[in-house]
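Report on one structure; see the data block that follows.
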Amino acid sequence: MRIPARRLTPLALLACVAVVSACSSDPEPVSTTGDAAAPITIEATDEACDLSSTDLASGITTFEITNSGSQVNEVYVYAEGDRIVTEKENIGPGTSYELTVDLTEGDYEVACKPGMVGDGIRTGVEVAAPSEPVAIDPLAEQAVDDYRAYVQGEADKLPGLVEGLLAALEAGDREQAKALYAPSRLPWESIEPVAESFGDLDPRIDAREADLEPDQELTGWHRIEKALWEDEDLAAMVPVAEQLLADVEELQQRTPNAAMTPASIGNGAKELLDEVATGKVTGEEEAFSHTDLVDFQGNLDGARKAFEVLRPLVEKNDPALAGTLDEQFAACQEALSVHETGPDRFVSYDTVAQPERQDLARAVDALGEPLSLLAAAAAG
Amino acid sequence: MSRRDLSRRGLLGALGVGAAGVAAVSVGTVAGARSPQGAGTASDAVVAFHGRHQAGISTSVQAHLHFAAFDVTAAGVDGLRGLLQDWTEAARALTAGRPVGEGAVGGSPLAPPDDTGEALDATAHRLTLTVGFGASLFDDRFGLASRRPEALVDLPHFPGDVLDPARSDGDLVVQACADDPQVAVHAIRNLSRIAAGRAAIRWAQLGYGKAASTDRSQPTPRNLFGFKDGTANPSGKDGRVLDEHVWVSADDAASRDEAWMAGGSYLVARRISMLIETWDRTPLGEQETIIGRDKGEGAPLGATREFDPVVPRELPVASHVRLAHPSVHEGAQMLRRGFNFVDGADSLGHLDAGLFFLAYQRDPRRAFVPVQTVLARQDVLMEYLRHTGSGLYAVPPGVREEGYWGETLLQA
């Protein structure tokens, strides 16, 4: 998990999207259905939940939430059948927050929940197709479609993998659970920037103990990791794994509404390498299991996929960058593969000595620098 | 592929889209003009980058140092040459007080800026950047084995050496000196960034408070033992002495394989840790006997003024000044431009401090090696010193207006 993403708003991946209106070097945001519109404000109080508009055009939509009440609030956007499209919990009195999602045509409900209880104060919202068709760069549209399909495919793998982990915990089979732990995270690591765009899900799923505030409870994968490797009672981990399963299922459902543009995909690739540089190469991510190199592979896979879907745009706008990225992705994979013991299996990171860690760090820096130019090259 | 080229293309792309074009046009202005601050003007703070010899050797010593050694990770000689060409282009901008590439501000908001920006409001502060090549550059990776100069020896082990390999050697070194510490750090940081994928920092050292002077008009600086250091250092303005002791001559480099070194020099870098606390408990008289000069004026013992001639046989037999005197070493001299360093404290609560010794010379086999051999064996001062890092580098000649660092070695 990426610490700043949780503390800062808006979520790192969406930073580009959020500034779309002020940043005309980003081309028109591409969704499957249309264009970005002006932000919708949500004024939440203890008694009301006022939207600046309830008739929206489909496409990338930003909600600017302000809590003017005295209670902690939370805001949900539901599709039909109360399917969560996006949510933000823990909006303190007097604070603001931005949520950005890609909305397709249909009927939705926005709910504010003062005190974070109950069904909330609900307002119906109608999302219509845009009145005029929007000119979309077919290369950009194709890139977004391809990347969304990839992210969905990875998200779809997660529930089954977590179910396996849950079953091992229910059976009290520590060795089996240890064996399933890192592989269950691999798809997550490959799509982490998108997953992080669903604000509350990321800390529930992937917070590390060191990231928590004093009164926060550790949940998700790293809670289970600690129990497995620190010889804690496994029965207590069953409810944790059940919650994790519910959370990755929610991620799976929400992925279609993740806002994506070529620039945000490119920026996400850079963030994946940042994750490797700051969390994996340092051995901080998997403090107990030392399975950091599996996460490294997941991050690298996700970044490479982002580059691949953007390749036609990059080759048009900056062909030399495409060549450099090809070289450096190969070199980085080569550096990582030195430590591979089987398909997506790697040596324990605590056995990797400092000179070898330096080789990995150098390969990551060598890729990270040109990768930091991907977003601008993709946006043209 | 240079980062600059990459981002320039990205920027040209951005020009096509509305308001970003306006922002991008202003880059040239931002890159070209810096507001001079503090004493002096931008022009008098600039040391010429081009010349027959590299800047940063005979240049009057600046106040701060950032020295970095790199391992080259590029696969072949083309990658090495490309790196040195990109570095040269960046160095031309940096030493003139300009940011690298398209600058630190005004570019595409979607891309990280070419320049990191922390020197934006500074002048050049007499920044010099000086490049050297370690012996490892002449292994089999770049086809340069036959071009290794004979003078680029493997330094022998000297008594008292406790060298850390992680603070020693390196394929390439860059010595950044400036009168402002942030300007020196900015230069190394940006060169390192430009090198990504082609070279990576192996080790680096910060230094301050020049511990040697190459200019008689400046007061002789003091090292962390509290003594003036470099009284007998050659002046950087004395062309005859520099030709005799510092620059590699065309005759030295007469063989075809070594001709590329004519006009260059050899740099010895030694990280010399000082045992500060035990030195500080040494009586004044003993300190002066160990050094061979008095602590206040810096005069040779028995004389009255700092620049009174040194008569070695009149000094204590194991004193530093006597043992290091050129007359003991067949006239050998080195141009020293070392810096003090304090890297915080060690785990025992002692200052991790000392002298980062930098010495330029025409041939280390006739200068540093024999001098250090004597000092390491006999100099009482060695009881208070530990040599913890080391490197010897061939410093190529200066850069032509249209040339690049190492052109005489690497031209295709």
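Ordered as shown in the structure tokens, chains take letters A, B, and onward, while each chain numbers its residues from 1 and ligands are numbered from 1 in the order shown.
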
Per residue of chain A within 7 Å of chain B, record the nearest atom pair and its distance in Å to one decimal, counting only C-alpha atoms, with rows in chain order and ascending residue number, as a Markdown table.
```
| residue | atom | partner | partner_atom | distance |
| --- | --- | --- | --- | --- |
| A:Ser24 | CA | B:Ala19 | CA | 6.0 |
| A:Ser25 | CA | B:Ala20 | CA | 5.2 |
| A:Asn317 | CA | B:Gly13 | CA | 6.4 |
| A:Asp318 | CA | B:Arg9 | CA | 6.1 |
| A:Ala320 | CA | B:Leu6 | CA | 6.9 |
| A:Leu321 | CA | B:Leu6 | CA | 6.2 |
| A:Arg362 | CA | B:Ala200 | CA | 6.7 |
| A:Asp365 | CA | B:Ala196 | CA | 6.4 |
| A:Ala366 | CA | B:Gly197 | CA | 3.9 |
| A:Glu369 | CA | B:Ala196 | CA | 6.7 |
| A:Ser372 | CA | B:Pro112 | CA | 6.7 |
| A:Leu373 | CA | B:Ala111 | CA | 5.5 |
| A:Ala375 | CA | B:Leu110 | CA | 6.3 |
| A:Ala376 | CA | B:Leu110 | CA | 4.9 |
| A:Ala377 | CA | B:Gly10 | CA | 5.5 |
| A:Gly380 | CA | B:Gly13 | CA | 5.1 |
```

Which residues come within 9 Å of segment 367-381 of chain B, counting only C-alpha atoms, excluding same-chain residues fewer than 3 positions away, as a VMD selection string? chain B and resid 155 to 156 158 to 161 245 268 287 290 to 291 318 to 320 323 to 326 328 to 329 331 to 334 359 361 to 364 384 to 385

Write the residues of the preceding selection, restricted to N, CA and C atoms, as a JSON list (two decimals), in the first residue's frame.
```
[["chain", "number", "residue", "atom", "x", "y", "z"],
["B", 155, "LEU", "N", 46.87, 1.27, -6.80],
["B", 155, "LEU", "CA", 47.61, 1.76, -5.65],
["B", 155, "LEU", "C", 47.97, 0.59, -4.73],
["B", 156, "PRO", "N", 49.20, 0.56, -4.22],
["B", 156, "PRO", "CA", 49.57, -0.53, -3.30],
["B", 156, "PRO", "C", 48.86, -0.35, -1.96],
["B", 158, "PHE", "N", 48.98, 0.51, 1.71],
["B", 158, "PHE", "CA", 49.89, 1.25, 2.60],
["B", 158, "PHE", "C", 49.59, 0.85, 4.04],
["B", 159, "PRO", "N", 50.62, 0.78, 4.88],
["B", 159, "PRO", "CA", 50.37, 0.50, 6.30],
["B", 159, "PRO", "C", 49.36, 1.51, 6.86],
["B", 160, "GLY", "N", 48.41, 1.03, 7.62],
["B", 160, "GLY", "CA", 47.41, 1.94, 8.18],
["B", 160, "GLY", "C", 46.17, 2.07, 7.33],
["B", 161, "ASP", "N", 46.18, 1.48, 6.14],
["B", 161, "ASP", "CA", 44.97, 1.51, 5.32],
["B", 161, "ASP", "C", 43.91, 0.59, 5.92],
["B", 245, "HIS", "N", 54.57, 19.50, -12.54],
["B", 245, "HIS", "CA", 54.10, 18.57, -11.50],
["B", 245, "HIS", "C", 52.65, 18.10, -11.64],
["B", 268, "VAL", "N", 44.36, 11.58, -7.03],
["B", 268, "VAL", "CA", 44.26, 10.64, -5.92],
["B", 268, "VAL", "C", 43.23, 11.19, -4.94],
["B", 287, "GLN", "N", 51.60, 18.17, 19.60],
["B", 287, "GLN", "CA", 50.90, 18.41, 18.33],
["B", 287, "GLN", "C", 51.83, 19.10, 17.34],
["B", 290, "ILE", "N", 54.58, 16.86, 16.06],
["B", 290, "ILE", "CA", 54.06, 15.87, 15.10],
["B", 290, "ILE", "C", 53.91, 16.51, 13.73],
["B", 291, "ILE", "N", 53.37, 17.73, 13.69],
["B", 291, "ILE", "CA", 53.16, 18.39, 12.42],
["B", 291, "ILE", "C", 54.46, 18.97, 11.86],
["B", 318, "ALA", "N", 60.47, 12.69, 12.61],
["B", 318, "ALA", "CA", 59.26, 11.99, 12.14],
["B", 318, "ALA", "C", 58.09, 12.95, 11.97],
["B", 319, "SER", "N", 58.41, 14.25, 11.82],
["B", 319, "SER", "CA", 57.31, 15.21, 11.68],
["B", 319, "SER", "C", 56.73, 15.15, 10.26],
["B", 320, "HIS", "N", 55.46, 15.51, 10.18],
["B", 320, "HIS", "CA", 54.73, 15.39, 8.92],
["B", 320, "HIS", "C", 55.35, 16.27, 7.84],
["B", 323, "LEU", "N", 58.68, 14.83, 6.53],
["B", 323, "LEU", "CA", 58.56, 13.59, 5.75],
["B", 323, "LEU", "C", 57.87, 13.82, 4.41],
["B", 324, "ALA", "N", 57.02, 14.84, 4.36],
["B", 324, "ALA", "CA", 56.28, 15.08, 3.12],
["B", 324, "ALA", "C", 57.00, 16.06, 2.21],
["B", 325, "HIS", "N", 58.12, 16.61, 2.66],
["B", 325, "HIS", "CA", 58.77, 17.68, 1.90],
["B", 325, "HIS", "C", 59.31, 17.18, 0.55],
["B", 326, "PRO", "N", 59.13, 17.97, -0.49],
["B", 326, "PRO", "CA", 59.57, 17.54, -1.83],
["B", 326, "PRO", "C", 61.03, 17.10, -1.86],
["B", 328, "VAL", "N", 62.60, 15.37, 0.05],
["B", 328, "VAL", "CA", 62.73, 13.98, 0.47],
["B", 328, "VAL", "C", 62.26, 13.04, -0.65],
["B", 329, "HIS", "N", 61.54, 13.60, -1.63],
["B", 329, "HIS", "CA", 60.91, 12.76, -2.66],
["B", 329, "HIS", "C", 61.34, 13.20, -4.05],
["B", 331, "GLY", "N", 61.90, 15.95, -5.31],
["B", 331, "GLY", "CA", 61.22, 17.16, -5.80],
["B", 331, "GLY", "C", 59.75, 16.97, -6.11],
["B", 332, "ALA", "N", 59.19, 15.78, -5.81],
["B", 332, "ALA", "CA", 57.80, 15.52, -6.17],
["B", 332, "ALA", "C", 56.85, 16.49, -5.46],
["B", 333, "GLN", "N", 55.92, 17.04, -6.23],
["B", 333, "GLN", "CA", 54.89, 17.88, -5.64],
["B", 333, "GLN", "C", 53.53, 17.43, -6.18],
["B", 334, "MET", "N", 52.51, 17.69, -5.40],
["B", 334, "MET", "CA", 51.13, 17.45, -5.84],
["B", 334, "MET", "C", 50.34, 18.73, -5.60],
["B", 359, "ALA", "N", 44.33, 15.15, -4.53],
["B", 359, "ALA", "CA", 45.62, 15.66, -5.01],
["B", 359, "ALA", "C", 45.79, 15.33, -6.49],
["B", 361, "GLN", "N", 48.21, 15.33, -9.87],
["B", 361, "GLN", "CA", 49.64, 15.14, -10.13],
["B", 361, "GLN", "C", 49.85, 14.59, -11.53],
["B", 362, "ARG", "N", 51.08, 14.79, -11.98],
["B", 362, "ARG", "CA", 51.43, 14.38, -13.34],
["B", 362, "ARG", "C", 51.59, 12.86, -13.44],
["B", 363, "ASP", "N", 52.12, 12.26, -12.41],
["B", 363, "ASP", "CA", 52.33, 10.80, -12.42],
["B", 363, "ASP", "C", 52.35, 10.29, -10.99],
["B", 364, "PRO", "N", 51.34, 9.57, -10.57],
["B", 364, "PRO", "CA", 51.28, 9.13, -9.16],
["B", 364, "PRO", "C", 52.44, 8.22, -8.77],
["B", 384, "TYR", "N", 47.01, 9.09, 14.30],
["B", 384, "TYR", "CA", 45.72, 9.77, 14.47],
["B", 384, "TYR", "C", 44.88, 9.70, 13.20],
["B", 385, "LEU", "N", 45.32, 8.91, 12.24],
["B", 385, "LEU", "CA", 44.64, 8.86, 10.94],
["B", 385, "LEU", "C", 44.28, 7.43, 10.56]]
```

Tell me which protein, DNA and RNA residues are within 12 Å of Lys270 of chain A, counting only C-alpha atoms, leaving out same-chain ones fewer than 4 positions away, and put them as an MDAnalysis selection string. (chainID A and resid 12:13 192:193 263:266 274:277 299:300 302:307 325 364:365 367:376) or (chainID B and resid 110:112)

Keeping only N, CA and C atoms, write the selected residues to a file as a compact mmCIF listing (two decimals), in the first residue's frame.
```txt
# COMPACT_ATOMS: atom_id res chain seq x y z
N ALA A 12 -3.75 9.26 -5.51
CA ALA A 12 -2.64 9.58 -6.41
C ALA A 12 -2.97 9.35 -7.87
N LEU A 13 -3.55 8.25 -8.17
CA LEU A 13 -3.82 7.94 -9.57
C LEU A 13 -4.71 9.00 -10.19
N GLU A 192 -2.41 -2.05 -8.26
CA GLU A 192 -2.52 -1.29 -7.03
C GLU A 192 -2.95 0.18 -7.22
N PRO A 193 -2.40 0.91 -8.21
CA PRO A 193 -2.82 2.31 -8.33
C PRO A 193 -4.32 2.45 -8.57
N ALA A 263 -3.16 9.44 -19.47
CA ALA A 263 -2.20 10.04 -18.52
C ALA A 263 -2.27 9.35 -17.17
N SER A 264 -3.47 9.00 -16.71
CA SER A 264 -3.56 8.36 -15.40
C SER A 264 -3.00 6.95 -15.45
N ILE A 265 -3.14 6.29 -16.57
CA ILE A 265 -2.55 4.94 -16.71
C ILE A 265 -1.03 5.05 -16.67
N GLY A 266 -0.49 6.04 -17.39
CA GLY A 266 0.96 6.24 -17.39
C GLY A 266 1.47 6.61 -16.02
N ASP A 274 7.48 3.33 -8.22
CA ASP A 274 7.76 4.01 -6.95
C ASP A 274 7.53 3.04 -5.79
N GLU A 275 6.47 2.24 -5.91
CA GLU A 275 6.17 1.23 -4.88
C GLU A 275 7.35 0.27 -4.74
N VAL A 276 7.88 -0.15 -5.87
CA VAL A 276 9.02 -1.07 -5.82
C VAL A 276 10.21 -0.40 -5.14
N ALA A 277 10.45 0.85 -5.55
CA ALA A 277 11.65 1.55 -5.06
C ALA A 277 11.57 1.84 -3.57
N ASN A 299 4.11 -5.59 -9.25
CA ASN A 299 4.23 -4.18 -9.61
C ASN A 299 4.82 -4.02 -11.01
N LEU A 300 5.85 -4.82 -11.28
CA LEU A 300 6.51 -4.72 -12.59
C LEU A 300 5.56 -5.16 -13.71
N GLY A 302 2.32 -4.98 -13.71
CA GLY A 302 1.30 -3.96 -13.91
C GLY A 302 1.83 -2.76 -14.66
N ALA A 303 3.06 -2.35 -14.33
CA ALA A 303 3.65 -1.20 -15.01
C ALA A 303 3.91 -1.53 -16.47
N ARG A 304 4.37 -2.73 -16.73
CA ARG A 304 4.66 -3.12 -18.12
C ARG A 304 3.36 -3.17 -18.93
N LYS A 305 2.29 -3.67 -18.30
CA LYS A 305 1.00 -3.72 -19.00
C LYS A 305 0.55 -2.31 -19.35
N ALA A 306 0.72 -1.39 -18.41
CA ALA A 306 0.32 0.00 -18.68
C ALA A 306 1.08 0.54 -19.89
N PHE A 307 2.39 0.26 -19.93
CA PHE A 307 3.18 0.70 -21.08
C PHE A 307 2.70 0.04 -22.36
N LEU A 325 12.10 2.35 -22.90
CA LEU A 325 11.29 1.58 -21.95
C LEU A 325 11.37 0.08 -22.25
N VAL A 364 15.76 -0.65 -10.88
CA VAL A 364 14.49 0.05 -10.66
C VAL A 364 14.65 1.54 -10.98
N ASP A 365 15.75 2.14 -10.54
CA ASP A 365 15.99 3.55 -10.87
C ASP A 365 16.14 3.75 -12.37
N LEU A 367 14.77 2.11 -14.73
CA LEU A 367 13.45 2.05 -15.36
C LEU A 367 12.57 3.21 -14.90
N GLY A 368 12.68 3.56 -13.63
CA GLY A 368 11.80 4.59 -13.07
C GLY A 368 11.96 5.95 -13.72
N GLU A 369 13.19 6.31 -14.08
CA GLU A 369 13.41 7.62 -14.70
C GLU A 369 12.66 7.75 -16.04
N PRO A 370 12.91 6.88 -17.02
CA PRO A 370 12.13 7.04 -18.27
C PRO A 370 10.63 6.80 -18.05
N LEU A 371 10.28 5.93 -17.10
CA LEU A 371 8.86 5.67 -16.87
C LEU A 371 8.15 6.92 -16.36
N SER A 372 8.89 7.81 -15.71
CA SER A 372 8.27 9.04 -15.21
C SER A 372 7.86 9.95 -16.36
N LEU A 373 8.32 9.65 -17.59
CA LEU A 373 7.95 10.46 -18.75
C LEU A 373 6.78 9.85 -19.51
N LEU A 374 6.29 8.67 -19.04
CA LEU A 374 5.26 7.95 -19.80
C LEU A 374 3.94 8.71 -19.85
N ALA A 375 3.53 9.29 -18.73
CA ALA A 375 2.22 9.95 -18.69
C ALA A 375 2.16 11.09 -19.70
N ALA A 376 3.20 11.92 -19.71
CA ALA A 376 3.22 13.05 -20.64
C ALA A 376 3.28 12.56 -22.09
N LEU B 110 2.46 17.39 -16.86
CA LEU B 110 2.31 15.93 -16.72
C LEU B 110 3.64 15.21 -16.60
N ALA B 111 4.74 15.93 -16.82
CA ALA B 111 6.05 15.28 -16.77
C ALA B 111 6.89 15.89 -15.65
N PRO B 112 7.76 15.08 -15.05
CA PRO B 112 8.68 15.67 -14.06
C PRO B 112 9.63 16.63 -14.77
```

Between atom CA of Glu141 of chain A and atom CA of Val309 of chain A, what distance in Å does the model show, to one decimal?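 Computed distance, atom CA of Glu141 of chain A to atom CA of Val309 of chain A, equals 10.3 Å.
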
For Leu284 of chain B, the nearest of the candidates B:Phe227, B:Phe138, B:Phe307, B:Phe339, counting only C-alpha atoms: B:Phe227

Taking only C-alpha atoms into account, name the residue in B:Leu335, B:Ala394, B:Val183, B:Ala151 that is nearest to Gly170 of chain B.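 Answer, going by the shortest atom-to-atom distance: B:Ala394.
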
Of the residues B:His50, B:Arg400, B:Lys295, B:His186, which is the one nearest to Gly97 of chain B, using only C-alpha atoms?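 Smallest separation from Gly97 of chain B among the options: B:His186.
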
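If you look at atom CA of Pro203 of chain A and atom CA of Asp146 of chain A, they are 27.0 Å away from each other.
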
List the neighbours of Val399 of chain B out to 10 Å using only C-alpha atoms; skip same-chain residues closer than 2 positions along the sequence, and give me the result as a list of chain:residue names.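 Once the nearby chain positions are removed, what remains is B:Phe49, B:His50, B:Gly51, B:Arg52, B:His53, B:Gln54, B:Ala55, B:Thr88, B:Pro396, B:Pro397, B:Glu401, B:Glu402, B:Gly403, B:Tyr404, B:Trp405, B:Gly406, B:Glu407, B:Thr408.
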
Would you mind writing down, as a PyMOL selection string, each residue of segment 193-374 of chain A that DSSP on the backbone assigns to alpha helix (DSSP H)? chain A and resi 193-196+201-206+221-229+238-254+262-275+292-317+319-337+354-371+374

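What separates atom CA of Glu170 of chain A from atom CA of Ala235 of chain A is a distance of 6.6 Å.
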
Within 6 Å of Cys177 of chain B, counting only C-alpha atoms, which residues show up once you throw out same-chain ones fewer than 2 positions away? Write them as a PyMOL selection string, please. chain B and resi 62+64-65+127-128+184

Nearest to Asn223 of chain B, chosen from B:Arg337, B:Arg386, B:Arg126, B:His66, with only C-alpha atoms counted in the distances: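 Looking only at the distances to Asn223 of chain B, the closest residue turns out to be B:Arg337.
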
DSSP strand (DSSP E) selection over segment 9-241 of chain B, as a VMD selection string: chain B and resid 64 to 72 128 to 134 172 to 178 199 to 208

Expected file: the selected residues, N, CA and C atoms, as an mmCIF file, in the first residue's frame:
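Contents of the output file out17.cif:
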```cif
data_model
loop_
_atom_site.group_PDB
_atom_site.id
_atom_site.type_symbol
_atom_site.label_atom_id
_atom_site.label_comp_id
_atom_site.auth_asym_id
_atom_site.auth_seq_id
_atom_site.Cartn_x
_atom_site.Cartn_y
_atom_site.Cartn_z
ATOM 1 N N HIS B 64 33.003 24.450 -1.042
ATOM 2 C CA HIS B 64 32.258 23.211 -0.805
ATOM 3 C C HIS B 64 32.516 22.179 -1.904
ATOM 4 N N LEU B 65 32.371 20.942 -1.493
ATOM 5 C CA LEU B 65 32.633 19.813 -2.391
ATOM 6 C C LEU B 65 31.498 18.796 -2.324
ATOM 7 N N HIS B 66 31.094 18.277 -3.478
ATOM 8 C CA HIS B 66 30.323 17.034 -3.531
ATOM 9 C C HIS B 66 31.028 16.159 -4.554
ATOM 10 N N PHE B 67 31.580 15.075 -4.072
ATOM 11 C CA PHE B 67 32.390 14.190 -4.912
ATOM 12 C C PHE B 67 31.634 12.878 -5.053
ATOM 13 N N ALA B 68 31.455 12.411 -6.285
ATOM 14 C CA ALA B 68 30.685 11.178 -6.484
ATOM 15 C C ALA B 68 31.423 10.233 -7.430
ATOM 16 N N ALA B 69 31.486 8.970 -7.036
ATOM 17 C CA ALA B 69 32.054 7.923 -7.887
ATOM 18 C C ALA B 69 30.904 7.075 -8.434
ATOM 19 N N PHE B 70 30.997 6.732 -9.701
ATOM 20 C CA PHE B 70 29.924 5.993 -10.383
ATOM 21 C C PHE B 70 30.440 4.660 -10.906
ATOM 22 N N ASP B 71 29.564 3.659 -10.876
ATOM 23 C CA ASP B 71 29.773 2.437 -11.652
ATOM 24 C C ASP B 71 29.015 2.604 -12.952
ATOM 25 N N VAL B 72 29.668 2.347 -14.076
ATOM 26 C CA VAL B 72 28.964 2.423 -15.360
ATOM 27 C C VAL B 72 28.179 1.127 -15.543
ATOM 28 N N THR B 128 32.590 24.225 -10.467
ATOM 29 C CA THR B 128 33.379 23.487 -11.456
ATOM 30 C C THR B 128 33.010 22.013 -11.366
ATOM 31 N N LEU B 129 33.029 21.345 -12.512
ATOM 32 C CA LEU B 129 32.768 19.909 -12.574
ATOM 33 C C LEU B 129 33.952 19.269 -13.284
ATOM 34 N N THR B 130 34.550 18.299 -12.619
ATOM 35 C CA THR B 130 35.782 17.698 -13.117
ATOM 36 C C THR B 130 35.588 16.188 -13.130
ATOM 37 N N VAL B 131 35.897 15.574 -14.261
ATOM 38 C CA VAL B 131 35.627 14.145 -14.431
ATOM 39 C C VAL B 131 36.925 13.351 -14.473
ATOM 40 N N GLY B 132 36.912 12.180 -13.851
ATOM 41 C CA GLY B 132 38.054 11.271 -13.903
ATOM 42 C C GLY B 132 37.615 9.843 -14.201
ATOM 43 N N PHE B 133 38.568 9.040 -14.696
ATOM 44 C CA PHE B 133 38.298 7.652 -15.063
ATOM 45 C C PHE B 133 39.102 6.714 -14.164
ATOM 46 N N GLY B 134 38.414 5.776 -13.519
ATOM 47 C CA GLY B 134 39.094 4.793 -12.689
ATOM 48 C C GLY B 134 39.660 3.655 -13.526
ATOM 49 N N LEU B 172 33.865 5.984 -12.944
ATOM 50 C CA LEU B 172 33.890 7.418 -13.242
ATOM 51 C C LEU B 172 33.796 8.172 -11.928
ATOM 52 N N VAL B 173 34.444 9.328 -11.867
ATOM 53 C CA VAL B 173 34.198 10.208 -10.727
ATOM 54 C C VAL B 173 33.880 11.609 -11.244
ATOM 55 N N VAL B 174 33.064 12.295 -10.478
ATOM 56 C CA VAL B 174 32.796 13.708 -10.748
ATOM 57 C C VAL B 174 33.088 14.481 -9.475
ATOM 58 N N GLN B 175 33.973 15.449 -9.604
ATOM 59 C CA GLN B 175 34.267 16.356 -8.492
ATOM 60 C C GLN B 175 33.484 17.649 -8.754
ATOM 61 N N ALA B 176 32.523 17.935 -7.895
ATOM 62 C CA ALA B 176 31.761 19.188 -8.003
ATOM 63 C C ALA B 176 32.193 20.103 -6.872
ATOM 64 N N CYS B 177 32.717 21.270 -7.231
ATOM 65 C CA CYS B 177 33.135 22.250 -6.229
ATOM 66 C C CYS B 177 32.400 23.554 -6.491
ATOM 67 N N ALA B 178 31.924 24.199 -5.435
ATOM 68 C CA ALA B 178 31.232 25.482 -5.579
ATOM 69 C C ALA B 178 31.328 26.232 -4.257
ATOM 70 N N ALA B 199 24.731 4.712 -15.587
ATOM 71 C CA ALA B 199 25.706 4.713 -14.497
ATOM 72 C C ALA B 199 24.958 4.977 -13.195
ATOM 73 N N ALA B 200 25.471 4.418 -12.112
ATOM 74 C CA ALA B 200 24.831 4.598 -10.806
ATOM 75 C C ALA B 200 25.896 4.960 -9.781
ATOM 76 N N ILE B 201 25.507 5.776 -8.824
ATOM 77 C CA ILE B 201 26.471 6.202 -7.809
ATOM 78 C C ILE B 201 26.957 4.999 -7.005
ATOM 79 N N ARG B 202 28.264 4.902 -6.885
ATOM 80 C CA ARG B 202 28.891 3.837 -6.089
ATOM 81 C C ARG B 202 29.163 4.340 -4.681
ATOM 82 N N TRP B 203 29.684 5.539 -4.581
ATOM 83 C CA TRP B 203 29.868 6.180 -3.282
ATOM 84 C C TRP B 203 30.003 7.671 -3.520
ATOM 85 N N ALA B 204 29.857 8.425 -2.466
ATOM 86 C CA ALA B 204 29.941 9.879 -2.596
ATOM 87 C C ALA B 204 30.431 10.467 -1.284
ATOM 88 N N GLN B 205 30.988 11.657 -1.370
ATOM 89 C CA GLN B 205 31.500 12.331 -0.186
ATOM 90 C C GLN B 205 31.218 13.824 -0.274
ATOM 91 N N LEU B 206 30.677 14.365 0.793
ATOM 92 C CA LEU B 206 30.517 15.811 0.912
ATOM 93 C C LEU B 206 31.698 16.374 1.674
ATOM 94 N N GLY B 207 32.148 17.553 1.285
ATOM 95 C CA GLY B 207 33.230 18.218 2.013
ATOM 96 C C GLY B 207 32.952 19.697 2.109
ATOM 97 N N TYR B 208 33.587 20.332 3.081
ATOM 98 C CA TYR B 208 33.351 21.759 3.277
ATOM 99 C C TYR B 208 34.651 22.398 3.738
#
```
